[in-house]
Amino acid sequence: MRRNGPLALIFHTIFVVVMVAPILVVCLVAFTPEGFLSLPTNGFSLRWFRAIANYPEFIHAFWVSLGLGALSSFVALLFAVPAALAIARYRFRGRDALAALFLSPLMIPHVVLGIAFLRFFTSAGLGGSFAALIIAHVIIVFPFALRLTLAAATGMDLSVEMAAVSLGAGGWTLFRRVTLPLILPGVISGWALAFIQSFDDLTMTVFLAAPGTETLPVRMFLYIQDNIDPLVTSVSACVIAITMTALILLDRFYGLDRVLAGKGDPGR
Amino acid sequence: MSGLAEERNARAPWALTAPALMLFVGVLLVPLAMTVMLSFHDWGQYKGIEPVFILKNWQEIATDSYYAEMFWRTFRIAILTTLLTALLGAPEAYILNRMSGRWKSFFLLVILGPLLISVVARTLGWALLFGGNNGLVNKLLMSAGVIRFPIPFMFTETGMVVALAHVMMPFMVLSVWAALQRLDPQIENAAMSLGAGPVTIIRRIIMPQIMPGVLSGAIIVFSLSASAFATPAIIGGRRLKVAATLAYDEFLNTLNWPLGAAVATLLLVALVLIVVGSNALIERRYAEVFR
Amino acid sequence: MAYLELDGVAKQFGAQTVVDDFSLAVGKGEFISFLGPSGCGKTTTLQMIAGFLDPTRGAIRLEDKDLTAIHPAKRGLGIVFQSYALFPHMTAAENVAFGLEMRNVPRNELAERVRAALAMVGLAGYEERHPRRMSGGQQQRVALARALVIKPSVLLLDEPLSNLDAKLREEMQIELRQIQRTIGTTTILVTHDQNEAMSLSDRIVVMSQGKIEQIGTPQETYEKPVSAFVSQFLGKTNDFAGTIDRTAIPARLVAGSWSAPAPAGLSGPVTVSIRPERIGFGDEGLGAKIVTRIFQGNHWLFQCDSECGPAIVIRQNDGERQPAEGDAVRLTWRPEDMSVRARTVT
């Protein structure tokens, strides 16, 4: 492998600095001792982190986001695992169309989904409810749950299952004792990626959330709309820290490039 | 006669996919259809939504130049963002791919990681960096002598493109990275042994091969930028509207749902056509070589 | 005088020595094989000649010019890679033309040379085909044409046939040999396949753990291996423990009940190395019992339990009656068919 030249390394350095700068600046400003937005030049202070405690809307929104992400990712997997097994194993009419349908939430702009769900759930009398949020999030995280489960199911050696069948296992036992353990890494990673997607979604959720069911990104967004002060940077810093932790765990556990290869890429 | 195993094979996939299929039909296709219907309904300040079939909203979008301007701005921002990510992301992916193992995975994490960090937090970072005329970015550019007067970033398209490019960059790097992984590791050595210099190798050997990756990355970046909400809303403020923020306004401020639905439907249709069309073009163009 | 010369070449990656003290003189037009198991340093040596790696020590000279001082793009060597490394976005003709374009060969001459090169490897009519639409064998030929069309001073082949199936590999071996003999390009082949090395090369360089074990013609290395490694790597062999008795007059080499006049030079414990097809069944010699007898079409394979341990014998299927399983036999061979090495007693 050829080495990178000095020009390439300068380009790379600037690129990385620019990629990291906005995230870094948020984290730095969060530690400011001043009462206004500024870089902490006069020492670090935790006052804005403590200030979060006096703003219960953020705390509440955090718990809503956490519960919503965990629950909707789990529900999505309940639907996605059987679907992934079917798509991975069987060649049947309509297979490609089904796969395209299941991945379609990646292609549909979230603003459109937000509007469609708002209209739908308002007509159904569920407007602004937590249940409506769960159902909507199940749809948007479904492609991520499906992709990683599908990758695991496709890579699985089918003869292992045949061996289990020949030994007398069948139906539920076969799934619980043989299939599930083998695809588990994919399923767990699918859950984690789905969770992050749900936890981060603003565009769709901003249409559906009502006071009381506002998620953290929605609360942050609405707060920023009114004014930007150091409080929102300290909240952001917490969100960044949580995501980074999840990210590093995911990388150790499964390999980040494999996880991310399943993200984006609509219509494929 | 079909045997027992065959019969089971015919039924099993449908039994397994039925729950998900019902979920998608019931909670995705029905709401989408309802939205399209909604765009044909009437609306008045005092009467609210009237479930009739009229073309009023579509006529308004077609005739009022405000909407044409807004859609043109949306796609202009998306195109510029796509170009910026391709111009910077493709070389970076190439440089990244040439690094040795440990550095490679470290920087990959640094560059792809932001993909999973809240868009609100990332855009907030840009708002802080732009921060008026004496924001950090302007100070830096001026002290480096790149510009003499501060560039307005907040509430401008320039700022939106820069922040959006940052948000979308990981998709481009990832897409080109994937294309680079498919390259024969000896291909550069092969070209070199035949007498090609570094520029020729990049121009004639590497570029043509990663082009499908750049293009599919461009499709992702374009479609996500054209429908982006958080970044235009925060950087653009209430003045500079794009399709997504306009639809949001119609729904949650003006409460003219039918008009908002029409904007959203148009955005969806336009994007689907562009994405499907360019995917088909790319596949036709590269079918001979890569399939 | 040597055309290509490697002089004490060594390569280290960190503390690990991958190639050590590699010296070889290649004559013009010669076909040399680097043969050894994976990780023996043969590919590293090839890459140093190609210029993709720099030697840690030693010199590489081509016609007395220091090759290591020349950029790989200017060395003018033709290389066929294990993966072929064809340019997938170019047609077969464009692939072959690439090296000529880099040399600014005029358009007419270029077209003619590309056509001739593809015809030489039997691919006339495939000019417009893309590599992904070609079979492995055809891709291999394009790679060969691409390397040869620039009239390289040396042709380097890095396991070029290892991705082909057995039958195709044999065909390509014959073809490769014919092409090389016709155009007379000095060629170095890296391979782990001893049959390939033996059927193609003028001389074989057997390598193990970064060092040269033996340099010789295929026949020499096969029949007179200088070490246990060489004899075992180049096909099946029997190693019997024997002794040279210098007290007897004349001195004798004894292995079990088999004995022969002792060769000059050695004494005490020795290893007698003898190829299975050179052993016959006789009235006297090494006592053995046939354990299994396997019919393999043109020959029989016998696994025997001999006085000196397990032994393999291969006999041509010439219609003669062969001993059966369980028969007691005597193994015998001509002294000139064996090679004898000193044996350290542990």
# chains A, B, ... in the order shown; residues from 1 in each chain; ligands from 1
call {"tool": "residues_around", "arguments": {"residues": "segment 99-109 of chain A", "least_positions_apart": "3", "cutoff": "6 Å", "atoms": "only C-alpha atoms", "output": "PyMOL selection string"}}
result
(chain A and resi 96+112+140+143+266) or (chain B and resi 227)
call {"tool": "write_last_selection", "arguments": {"atoms": "C-alpha atoms", "output": "CSV table (one decimal), in the first residue's frame"}}
result
chain,number,residue,atom,x,y,z
A,96,ASP,CA,-38.3,-8.1,-3.9
A,112,VAL,CA,-43.7,13.5,4.8
A,140,ILE,CA,-39.0,4.5,10.8
A,143,PRO,CA,-35.5,-0.8,8.0
A,266,PRO,CA,-32.1,4.2,0.2
B,227,SER,CA,-35.9,16.9,2.6
call {"tool": "residues_around", "arguments": {"residues": "segment 250-265 of chain C", "least_positions_apart": "3", "cutoff": "12 Å", "atoms": "only C-alpha atoms", "output": "count of residues only"}}
result
39
call {"tool": "residues_around", "arguments": {"residues": "Ile188 of chain C", "least_positions_apart": "2", "cutoff": "8 Å", "atoms": "only C-alpha atoms", "output": "list in words"}}
result
Phe31, Ile32, Ser33, Phe34, Val154, Leu155, Leu156, Leu157, Thr186 and Val190 of chain C
call {"tool": "residues_around", "arguments": {"residues": "segment 117-128 of chain B", "least_positions_apart": "2", "cutoff": "8 Å", "atoms": "only C-alpha atoms", "output": "ChimeraX atom specification"}}
result
/A:21-26,200-202,217,220-221,233,236-237,239-240,243-244 /B:113-115,130-131,135,154,163,167,230-231,234-235
call {"tool": "write_last_selection", "arguments": {"atoms": "N, CA and C atoms", "output": "tab-separated table (two decimals), in the first residue's frame"}}
result
chain	number	residue	atom	x	y	z
A	21	ALA	N	-15.15	19.90	14.70
A	21	ALA	CA	-15.29	21.23	15.30
A	21	ALA	C	-16.68	21.53	15.88
A	22	PRO	N	-17.77	21.35	15.11
A	22	PRO	CA	-19.08	21.74	15.66
A	22	PRO	C	-19.44	20.94	16.91
A	23	ILE	N	-19.04	19.66	16.91
A	23	ILE	CA	-19.37	18.81	18.06
A	23	ILE	C	-18.55	19.24	19.26
A	24	LEU	N	-17.27	19.55	18.96
A	24	LEU	CA	-16.37	19.96	20.04
A	24	LEU	C	-16.80	21.28	20.65
A	25	VAL	N	-17.21	22.22	19.79
A	25	VAL	CA	-17.56	23.55	20.28
A	25	VAL	C	-18.78	23.48	21.19
A	26	VAL	N	-19.72	22.61	20.85
A	26	VAL	CA	-20.90	22.44	21.71
A	26	VAL	C	-20.46	21.96	23.09
A	200	ASP	N	-32.64	9.86	18.00
A	200	ASP	CA	-32.19	11.07	17.32
A	200	ASP	C	-33.26	11.74	16.48
A	201	ASP	N	-34.35	11.04	16.20
A	201	ASP	CA	-35.28	11.59	15.21
A	201	ASP	C	-35.92	12.87	15.70
A	202	LEU	N	-35.84	13.89	14.85
A	202	LEU	CA	-36.53	15.15	15.16
A	202	LEU	C	-37.64	15.39	14.15
A	217	PRO	N	-34.87	15.52	21.40
A	217	PRO	CA	-34.55	16.37	20.24
A	217	PRO	C	-35.63	17.42	19.99
A	220	MET	N	-35.27	20.12	22.55
A	220	MET	CA	-34.09	20.93	22.25
A	220	MET	C	-34.36	21.87	21.07
A	221	PHE	N	-35.01	21.31	20.06
A	221	PHE	CA	-35.30	22.09	18.86
A	221	PHE	C	-36.20	23.28	19.19
A	233	THR	N	-26.58	23.83	25.21
A	233	THR	CA	-25.31	23.19	24.88
A	233	THR	C	-24.97	22.11	25.90
A	236	SER	N	-27.04	19.19	24.99
A	236	SER	CA	-26.46	18.56	23.81
A	236	SER	C	-25.22	17.76	24.17
A	237	ALA	N	-24.39	18.32	25.04
A	237	ALA	CA	-23.16	17.62	25.44
A	237	ALA	C	-23.51	16.27	26.07
A	239	VAL	N	-26.25	14.50	25.44
A	239	VAL	CA	-26.71	13.62	24.35
A	239	VAL	C	-25.52	13.07	23.59
A	240	ILE	N	-24.55	13.96	23.28
A	240	ILE	CA	-23.35	13.52	22.54
A	240	ILE	C	-22.61	12.45	23.34
A	243	THR	N	-24.48	9.14	23.12
A	243	THR	CA	-24.34	8.52	21.80
A	243	THR	C	-22.94	7.97	21.60
A	244	MET	N	-21.92	8.73	22.01
A	244	MET	CA	-20.54	8.27	21.86
A	244	MET	C	-20.32	6.97	22.61
B	113	GLY	N	-18.76	8.58	12.94
B	113	GLY	CA	-19.46	8.69	14.22
B	113	GLY	C	-20.53	9.77	14.26
B	114	PRO	N	-20.22	10.99	13.74
B	114	PRO	CA	-21.21	12.07	13.79
B	114	PRO	C	-22.56	11.70	13.18
B	115	LEU	N	-22.53	10.70	12.27
B	115	LEU	CA	-23.78	10.23	11.65
B	115	LEU	C	-24.81	9.88	12.71
B	130	PHE	N	-20.86	29.82	13.63
B	130	PHE	CA	-21.19	30.94	12.73
B	130	PHE	C	-21.39	32.21	13.54
B	131	GLY	N	-22.23	32.07	14.57
B	131	GLY	CA	-22.59	33.12	15.53
B	131	GLY	C	-22.37	34.56	15.10
B	135	GLY	N	-18.31	35.52	14.51
B	135	GLY	CA	-18.27	34.10	14.88
B	135	GLY	C	-16.89	33.53	14.62
B	154	MET	N	-25.24	32.80	9.28
B	154	MET	CA	-26.55	32.54	9.88
B	154	MET	C	-27.64	33.12	8.98
B	163	ALA	N	-23.46	23.69	6.79
B	163	ALA	CA	-23.92	22.83	7.89
B	163	ALA	C	-24.49	21.52	7.35
B	167	VAL	N	-23.39	17.59	7.94
B	167	VAL	CA	-24.32	16.56	8.41
B	167	VAL	C	-24.32	15.36	7.46
B	230	ALA	N	-34.16	19.83	10.26
B	230	ALA	CA	-33.55	20.44	11.44
B	230	ALA	C	-32.53	21.51	11.07
B	231	THR	N	-31.60	21.18	10.16
B	231	THR	CA	-30.54	22.12	9.82
B	231	THR	C	-31.08	23.40	9.16
B	234	ILE	N	-32.86	25.53	11.86
B	234	ILE	CA	-32.04	26.21	12.86
B	234	ILE	C	-31.15	27.27	12.21
B	235	ILE	N	-30.49	26.92	11.08
B	235	ILE	CA	-29.59	27.88	10.43
B	235	ILE	C	-30.40	28.92	9.64
call {"tool": "atom_distance", "arguments": {"atom1": "atom CA of Ala261 of chain B", "atom2": "atom CA of Val275 of chain B"}}
result
20.8 Å
call {"tool": "select_by_dssp", "arguments": {"residues": "segment 208-247 of chain B", "states": "helix (DSSP H, G or I)", "output": "PyMOL selection string"}}
result
chain B and resi 208-226+230-236+243-247
call {"tool": "write_last_selection", "arguments": {"atoms": "N, CA and C atoms", "output": "PDB file, in the first residue's frame"}}
result
ATOM      1  N   PRO B 208     -12.540   6.206 -12.257  1.00  0.00           N
ATOM      2  CA  PRO B 208     -13.637   5.516 -12.945  1.00  0.00           C
ATOM      3  C   PRO B 208     -14.237   4.399 -12.094  1.00  0.00           C
ATOM      4  N   GLN B 209     -13.405   3.798 -11.250  1.00  0.00           N
ATOM      5  CA  GLN B 209     -13.916   2.663 -10.480  1.00  0.00           C
ATOM      6  C   GLN B 209     -14.715   3.083  -9.256  1.00  0.00           C
ATOM      7  N   ILE B 210     -14.401   4.265  -8.674  1.00  0.00           N
ATOM      8  CA  ILE B 210     -15.182   4.667  -7.508  1.00  0.00           C
ATOM      9  C   ILE B 210     -16.363   5.557  -7.891  1.00  0.00           C
ATOM     10  N   MET B 211     -16.475   5.870  -9.199  1.00  0.00           N
ATOM     11  CA  MET B 211     -17.570   6.733  -9.649  1.00  0.00           C
ATOM     12  C   MET B 211     -18.947   6.209  -9.238  1.00  0.00           C
ATOM     13  N   PRO B 212     -19.237   4.909  -9.396  1.00  0.00           N
ATOM     14  CA  PRO B 212     -20.555   4.436  -8.954  1.00  0.00           C
ATOM     15  C   PRO B 212     -20.783   4.721  -7.466  1.00  0.00           C
ATOM     16  N   GLY B 213     -19.725   4.594  -6.662  1.00  0.00           N
ATOM     17  CA  GLY B 213     -19.847   4.895  -5.234  1.00  0.00           C
ATOM     18  C   GLY B 213     -20.138   6.368  -4.996  1.00  0.00           C
ATOM     19  N   VAL B 214     -19.435   7.241  -5.735  1.00  0.00           N
ATOM     20  CA  VAL B 214     -19.667   8.678  -5.596  1.00  0.00           C
ATOM     21  C   VAL B 214     -21.116   8.994  -5.983  1.00  0.00           C
ATOM     22  N   LEU B 215     -21.561   8.393  -7.089  1.00  0.00           N
ATOM     23  CA  LEU B 215     -22.906   8.704  -7.565  1.00  0.00           C
ATOM     24  C   LEU B 215     -23.982   8.193  -6.611  1.00  0.00           C
ATOM     25  N   SER B 216     -23.812   6.979  -6.091  1.00  0.00           N
ATOM     26  CA  SER B 216     -24.859   6.500  -5.180  1.00  0.00           C
ATOM     27  C   SER B 216     -24.810   7.284  -3.872  1.00  0.00           C
ATOM     28  N   GLY B 217     -23.610   7.707  -3.463  1.00  0.00           N
ATOM     29  CA  GLY B 217     -23.515   8.598  -2.307  1.00  0.00           C
ATOM     30  C   GLY B 217     -24.217   9.917  -2.595  1.00  0.00           C
ATOM     31  N   ALA B 218     -24.049  10.414  -3.834  1.00  0.00           N
ATOM     32  CA  ALA B 218     -24.667  11.684  -4.207  1.00  0.00           C
ATOM     33  C   ALA B 218     -26.194  11.584  -4.147  1.00  0.00           C
ATOM     34  N   ILE B 219     -26.728  10.447  -4.571  1.00  0.00           N
ATOM     35  CA  ILE B 219     -28.187  10.279  -4.527  1.00  0.00           C
ATOM     36  C   ILE B 219     -28.691  10.331  -3.083  1.00  0.00           C
ATOM     37  N   ILE B 220     -27.974   9.646  -2.192  1.00  0.00           N
ATOM     38  CA  ILE B 220     -28.371   9.657  -0.786  1.00  0.00           C
ATOM     39  C   ILE B 220     -28.312  11.081  -0.236  1.00  0.00           C
ATOM     40  N   VAL B 221     -27.170  11.734  -0.457  1.00  0.00           N
ATOM     41  CA  VAL B 221     -26.979  13.078   0.092  1.00  0.00           C
ATOM     42  C   VAL B 221     -28.020  14.038  -0.477  1.00  0.00           C
ATOM     43  N   PHE B 222     -28.258  13.925  -1.783  1.00  0.00           N
ATOM     44  CA  PHE B 222     -29.219  14.834  -2.404  1.00  0.00           C
ATOM     45  C   PHE B 222     -30.612  14.652  -1.815  1.00  0.00           C
ATOM     46  N   SER B 223     -31.054  13.393  -1.735  1.00  0.00           N
ATOM     47  CA  SER B 223     -32.431  13.201  -1.288  1.00  0.00           C
ATOM     48  C   SER B 223     -32.585  13.583   0.183  1.00  0.00           C
ATOM     49  N   LEU B 224     -31.559  13.306   0.987  1.00  0.00           N
ATOM     50  CA  LEU B 224     -31.655  13.685   2.397  1.00  0.00           C
ATOM     51  C   LEU B 224     -31.559  15.204   2.574  1.00  0.00           C
ATOM     52  N   SER B 225     -30.732  15.873   1.760  1.00  0.00           N
ATOM     53  CA  SER B 225     -30.595  17.327   1.881  1.00  0.00           C
ATOM     54  C   SER B 225     -31.874  18.027   1.434  1.00  0.00           C
ATOM     55  N   ALA B 226     -32.472  17.518   0.352  1.00  0.00           N
ATOM     56  CA  ALA B 226     -33.664  18.178  -0.177  1.00  0.00           C
ATOM     57  C   ALA B 226     -34.825  18.076   0.806  1.00  0.00           C
ATOM     58  N   ALA B 230     -34.164  19.828  10.260  1.00  0.00           N
ATOM     59  CA  ALA B 230     -33.554  20.436  11.442  1.00  0.00           C
ATOM     60  C   ALA B 230     -32.530  21.508  11.068  1.00  0.00           C
ATOM     61  N   THR B 231     -31.601  21.175  10.158  1.00  0.00           N
ATOM     62  CA  THR B 231     -30.541  22.117   9.816  1.00  0.00           C
ATOM     63  C   THR B 231     -31.080  23.396   9.164  1.00  0.00           C
ATOM     64  N   PRO B 232     -31.929  23.282   8.123  1.00  0.00           N
ATOM     65  CA  PRO B 232     -32.488  24.526   7.558  1.00  0.00           C
ATOM     66  C   PRO B 232     -33.299  25.304   8.574  1.00  0.00           C
ATOM     67  N   ALA B 233     -33.991  24.609   9.463  1.00  0.00           N
ATOM     68  CA  ALA B 233     -34.827  25.317  10.429  1.00  0.00           C
ATOM     69  C   ALA B 233     -33.974  26.122  11.396  1.00  0.00           C
ATOM     70  N   ILE B 234     -32.862  25.526  11.857  1.00  0.00           N
ATOM     71  CA  ILE B 234     -32.042  26.212  12.859  1.00  0.00           C
ATOM     72  C   ILE B 234     -31.153  27.272  12.213  1.00  0.00           C
ATOM     73  N   ILE B 235     -30.493  26.921  11.080  1.00  0.00           N
ATOM     74  CA  ILE B 235     -29.592  27.881  10.434  1.00  0.00           C
ATOM     75  C   ILE B 235     -30.396  28.924   9.645  1.00  0.00           C
ATOM     76  N   GLY B 236     -31.456  28.474   8.976  1.00  0.00           N
ATOM     77  CA  GLY B 236     -32.232  29.379   8.132  1.00  0.00           C
ATOM     78  C   GLY B 236     -33.189  30.263   8.909  1.00  0.00           C
ATOM     79  N   ALA B 243     -38.554  23.321   1.542  1.00  0.00           N
ATOM     80  CA  ALA B 243     -39.803  22.555   1.459  1.00  0.00           C
ATOM     81  C   ALA B 243     -40.213  21.997   2.821  1.00  0.00           C
ATOM     82  N   ALA B 244     -39.267  21.384   3.520  1.00  0.00           N
ATOM     83  CA  ALA B 244     -39.635  20.731   4.773  1.00  0.00           C
ATOM     84  C   ALA B 244     -40.081  21.735   5.833  1.00  0.00           C
ATOM     85  N   THR B 245     -39.372  22.859   5.931  1.00  0.00           N
ATOM     86  CA  THR B 245     -39.735  23.829   6.969  1.00  0.00           C
ATOM     87  C   THR B 245     -41.041  24.536   6.600  1.00  0.00           C
ATOM     88  N   LEU B 246     -41.295  24.705   5.309  1.00  0.00           N
ATOM     89  CA  LEU B 246     -42.552  25.331   4.882  1.00  0.00           C
ATOM     90  C   LEU B 246     -43.734  24.426   5.246  1.00  0.00           C
ATOM     91  N   ALA B 247     -43.590  23.121   4.951  1.00  0.00           N
ATOM     92  CA  ALA B 247     -44.662  22.176   5.277  1.00  0.00           C
ATOM     93  C   ALA B 247     -44.912  22.189   6.785  1.00  0.00           C
TER      94      ALA B 247
END
call {"tool": "closest_atom_pairs", "arguments": {"of": "chain B", "to": "chain C", "cutoff": "12 Å", "atoms": "only C-alpha atoms", "output": "Markdown table"}}
result
| residue | atom | partner | partner_atom | distance |
| --- | --- | --- | --- | --- |
| B:Arg182 | CA | C:Pro88 | CA | 10.7 |
| B:Leu183 | CA | C:Ala85 | CA | 8.9 |
| B:Asp184 | CA | C:Ala85 | CA | 5.9 |
| B:Pro185 | CA | C:Ala85 | CA | 7.9 |
| B:Gln186 | CA | C:Ala85 | CA | 5.7 |
| B:Ile187 | CA | C:Ala85 | CA | 4.9 |
| B:Glu188 | CA | C:Ala85 | CA | 8.5 |
| B:Asn189 | CA | C:Phe52 | CA | 7.2 |
| B:Ala190 | CA | C:Ala85 | CA | 6.3 |
| B:Ala191 | CA | C:Gly99 | CA | 7.8 |
| B:Met192 | CA | C:Ala73 | CA | 4.8 |
| B:Ser193 | CA | C:Ala73 | CA | 5.1 |
| B:Leu194 | CA | C:Gly99 | CA | 4.6 |
| B:Gly195 | CA | C:Ala73 | CA | 4.1 |
| B:Ala196 | CA | C:Ala73 | CA | 6.1 |
| B:Gly197 | CA | C:Ala73 | CA | 6.8 |
| B:Pro198 | CA | C:Ala73 | CA | 9.6 |
| B:Thr200 | CA | C:Met102 | CA | 9.0 |
| B:Ile201 | CA | C:Met102 | CA | 10.8 |
| B:Arg204 | CA | C:His89 | CA | 9.5 |
| B:Ile205 | CA | C:Phe87 | CA | 6.9 |
| B:Ile206 | CA | C:Phe87 | CA | 9.4 |
| B:Met207 | CA | C:His89 | CA | 10.1 |
| B:Pro208 | CA | C:His89 | CA | 6.8 |
| B:Gln209 | CA | C:His89 | CA | 6.5 |
| B:Ile210 | CA | C:His89 | CA | 10.2 |
| B:Met211 | CA | C:His89 | CA | 10.5 |
| B:Pro212 | CA | C:His89 | CA | 11.1 |
| B:Arg285 | CA | C:His89 | CA | 11.2 |
| B:Tyr286 | CA | C:His89 | CA | 8.7 |
| B:Ala287 | CA | C:Arg132 | CA | 10.5 |
| B:Glu288 | CA | C:His130 | CA | 7.2 |
| B:Val289 | CA | C:His89 | CA | 5.5 |
| B:Phe290 | CA | C:Arg132 | CA | 7.1 |
| B:Arg291 | CA | C:Arg132 | CA | 7.5 |
call {"tool": "atom_distance", "arguments": {"atom1": "atom CA of Val9 of chain C", "atom2": "atom CA of Asp21 of chain C"}}
result
5.2 Å
call {"tool": "select_by_dssp", "arguments": {"residues": "segment 112-258 of chain C", "states": "strand (DSSP E)", "output": "ChimeraX atom specification"}}
result
/C:154-158,186-191,203-208,211-216,238-245,252-255,258
call {"tool": "write_last_selection", "arguments": {"atoms": "N, CA and C atoms", "output": "compact mmCIF listing (two decimals), in the first residue's frame"}}
result
# COMPACT_ATOMS: atom_id res chain seq x y z
N VAL C 154 12.01 -8.05 -17.86
CA VAL C 154 11.79 -9.27 -17.09
C VAL C 154 10.30 -9.42 -16.88
N LEU C 155 9.79 -10.65 -16.97
CA LEU C 155 8.38 -10.92 -16.70
C LEU C 155 8.28 -11.55 -15.31
N LEU C 156 7.48 -10.92 -14.45
CA LEU C 156 7.29 -11.43 -13.10
C LEU C 156 5.89 -12.02 -12.97
N LEU C 157 5.81 -13.27 -12.55
CA LEU C 157 4.51 -13.93 -12.44
C LEU C 157 4.28 -14.31 -10.98
N ASP C 158 3.28 -13.70 -10.36
CA ASP C 158 3.01 -13.95 -8.94
C ASP C 158 1.84 -14.92 -8.80
N THR C 186 13.02 -13.10 -20.19
CA THR C 186 13.48 -13.58 -18.90
C THR C 186 12.29 -13.57 -17.93
N THR C 187 12.04 -14.70 -17.25
CA THR C 187 10.81 -14.81 -16.48
C THR C 187 11.08 -15.33 -15.08
N ILE C 188 10.39 -14.72 -14.10
CA ILE C 188 10.45 -15.25 -12.74
C ILE C 188 9.04 -15.57 -12.30
N LEU C 189 8.84 -16.81 -11.87
CA LEU C 189 7.52 -17.28 -11.46
C LEU C 189 7.55 -17.57 -9.96
N VAL C 190 6.59 -17.04 -9.26
CA VAL C 190 6.44 -17.37 -7.85
C VAL C 190 5.33 -18.38 -7.72
N THR C 191 5.58 -19.49 -7.06
CA THR C 191 4.54 -20.51 -6.95
C THR C 191 4.76 -21.36 -5.71
N ARG C 203 15.30 -23.32 -14.05
CA ARG C 203 15.87 -23.57 -12.73
C ARG C 203 14.84 -23.23 -11.66
N ILE C 204 14.92 -23.93 -10.54
CA ILE C 204 14.01 -23.70 -9.43
C ILE C 204 14.81 -23.18 -8.24
N VAL C 205 14.27 -22.15 -7.58
CA VAL C 205 14.86 -21.69 -6.32
C VAL C 205 13.89 -22.13 -5.22
N VAL C 206 14.30 -23.15 -4.45
CA VAL C 206 13.42 -23.63 -3.39
C VAL C 206 13.68 -22.79 -2.14
N MET C 207 12.61 -22.21 -1.58
CA MET C 207 12.78 -21.33 -0.43
C MET C 207 12.02 -21.86 0.78
N SER C 208 12.56 -21.57 1.94
CA SER C 208 11.88 -21.91 3.18
C SER C 208 12.28 -20.90 4.25
N LYS C 211 14.81 -18.16 3.45
CA LYS C 211 16.15 -18.52 2.98
C LYS C 211 16.05 -19.44 1.76
N ILE C 212 17.11 -19.37 0.94
CA ILE C 212 17.18 -20.28 -0.19
C ILE C 212 17.64 -21.64 0.30
N GLU C 213 16.89 -22.68 -0.02
CA GLU C 213 17.29 -24.03 0.36
C GLU C 213 18.16 -24.65 -0.73
N GLN C 214 17.73 -24.45 -1.98
CA GLN C 214 18.47 -25.06 -3.08
C GLN C 214 18.14 -24.35 -4.38
N ILE C 215 19.16 -24.21 -5.24
CA ILE C 215 18.93 -23.69 -6.58
C ILE C 215 19.38 -24.76 -7.55
N GLY C 216 18.55 -25.13 -8.48
CA GLY C 216 18.96 -26.16 -9.42
C GLY C 216 17.91 -26.38 -10.49
N ASN C 238 10.72 -41.15 0.55
CA ASN C 238 10.98 -42.01 1.70
C ASN C 238 12.31 -41.62 2.32
N ASP C 239 12.31 -41.38 3.62
CA ASP C 239 13.56 -41.12 4.33
C ASP C 239 13.84 -42.30 5.27
N PHE C 240 14.88 -43.05 4.96
CA PHE C 240 15.24 -44.19 5.81
C PHE C 240 16.49 -43.84 6.61
N ALA C 241 16.49 -44.27 7.87
CA ALA C 241 17.69 -44.09 8.69
C ALA C 241 18.69 -45.20 8.34
N GLY C 242 19.91 -44.78 8.01
CA GLY C 242 20.93 -45.77 7.67
C GLY C 242 22.25 -45.45 8.35
N THR C 243 23.26 -46.29 8.16
CA THR C 243 24.57 -46.05 8.75
C THR C 243 25.63 -46.35 7.70
N ILE C 244 26.70 -45.57 7.72
CA ILE C 244 27.83 -45.89 6.85
C ILE C 244 28.91 -46.51 7.72
N ASP C 245 29.24 -47.69 7.36
CA ASP C 245 30.21 -48.45 8.15
C ASP C 245 31.56 -48.39 7.45
N ARG C 252 30.59 -49.79 3.62
CA ARG C 252 29.23 -50.04 3.13
C ARG C 252 28.20 -49.14 3.81
N LEU C 253 27.12 -48.86 3.03
CA LEU C 253 25.97 -48.12 3.56
C LEU C 253 24.89 -49.14 3.86
N VAL C 254 24.42 -49.13 5.10
CA VAL C 254 23.46 -50.15 5.51
C VAL C 254 22.18 -49.50 6.01
N ALA C 255 21.05 -49.99 5.49
CA ALA C 255 19.75 -49.57 6.02
C ALA C 255 18.93 -50.84 6.19
N TRP C 258 19.04 -53.87 3.78
CA TRP C 258 19.53 -53.38 2.49
C TRP C 258 20.91 -52.81 2.67
call {"tool": "residues_around", "arguments": {"residues": "Met198 of chain C", "least_positions_apart": "4", "cutoff": "8 Å", "atoms": "only C-alpha atoms", "output": "list in words"}}
result
Gln194, Ile204, Pro218 and Gln219 of chain C
call {"tool": "residues_around", "arguments": {"residues": "Ile77 of chain B", "least_positions_apart": "6", "cutoff": "10 Å", "atoms": "only C-alpha atoms", "output": "list in words"}}
result
Phe71, Leu83, Glu157, Thr158, Met160, Val161, Val162, Leu164, Ala165, Phe222, Ser225, Ala226, Pro232 and Val242 of chain B
call {"tool": "residues_around", "arguments": {"residues": "Ser198 of chain A", "least_positions_apart": "2", "cutoff": "9 Å", "atoms": "only C-alpha atoms", "output": "number ranges by chain"}}
result
A: 65-66, 68-70, 72-73, 137-138, 140-141, 193-196, 200-202
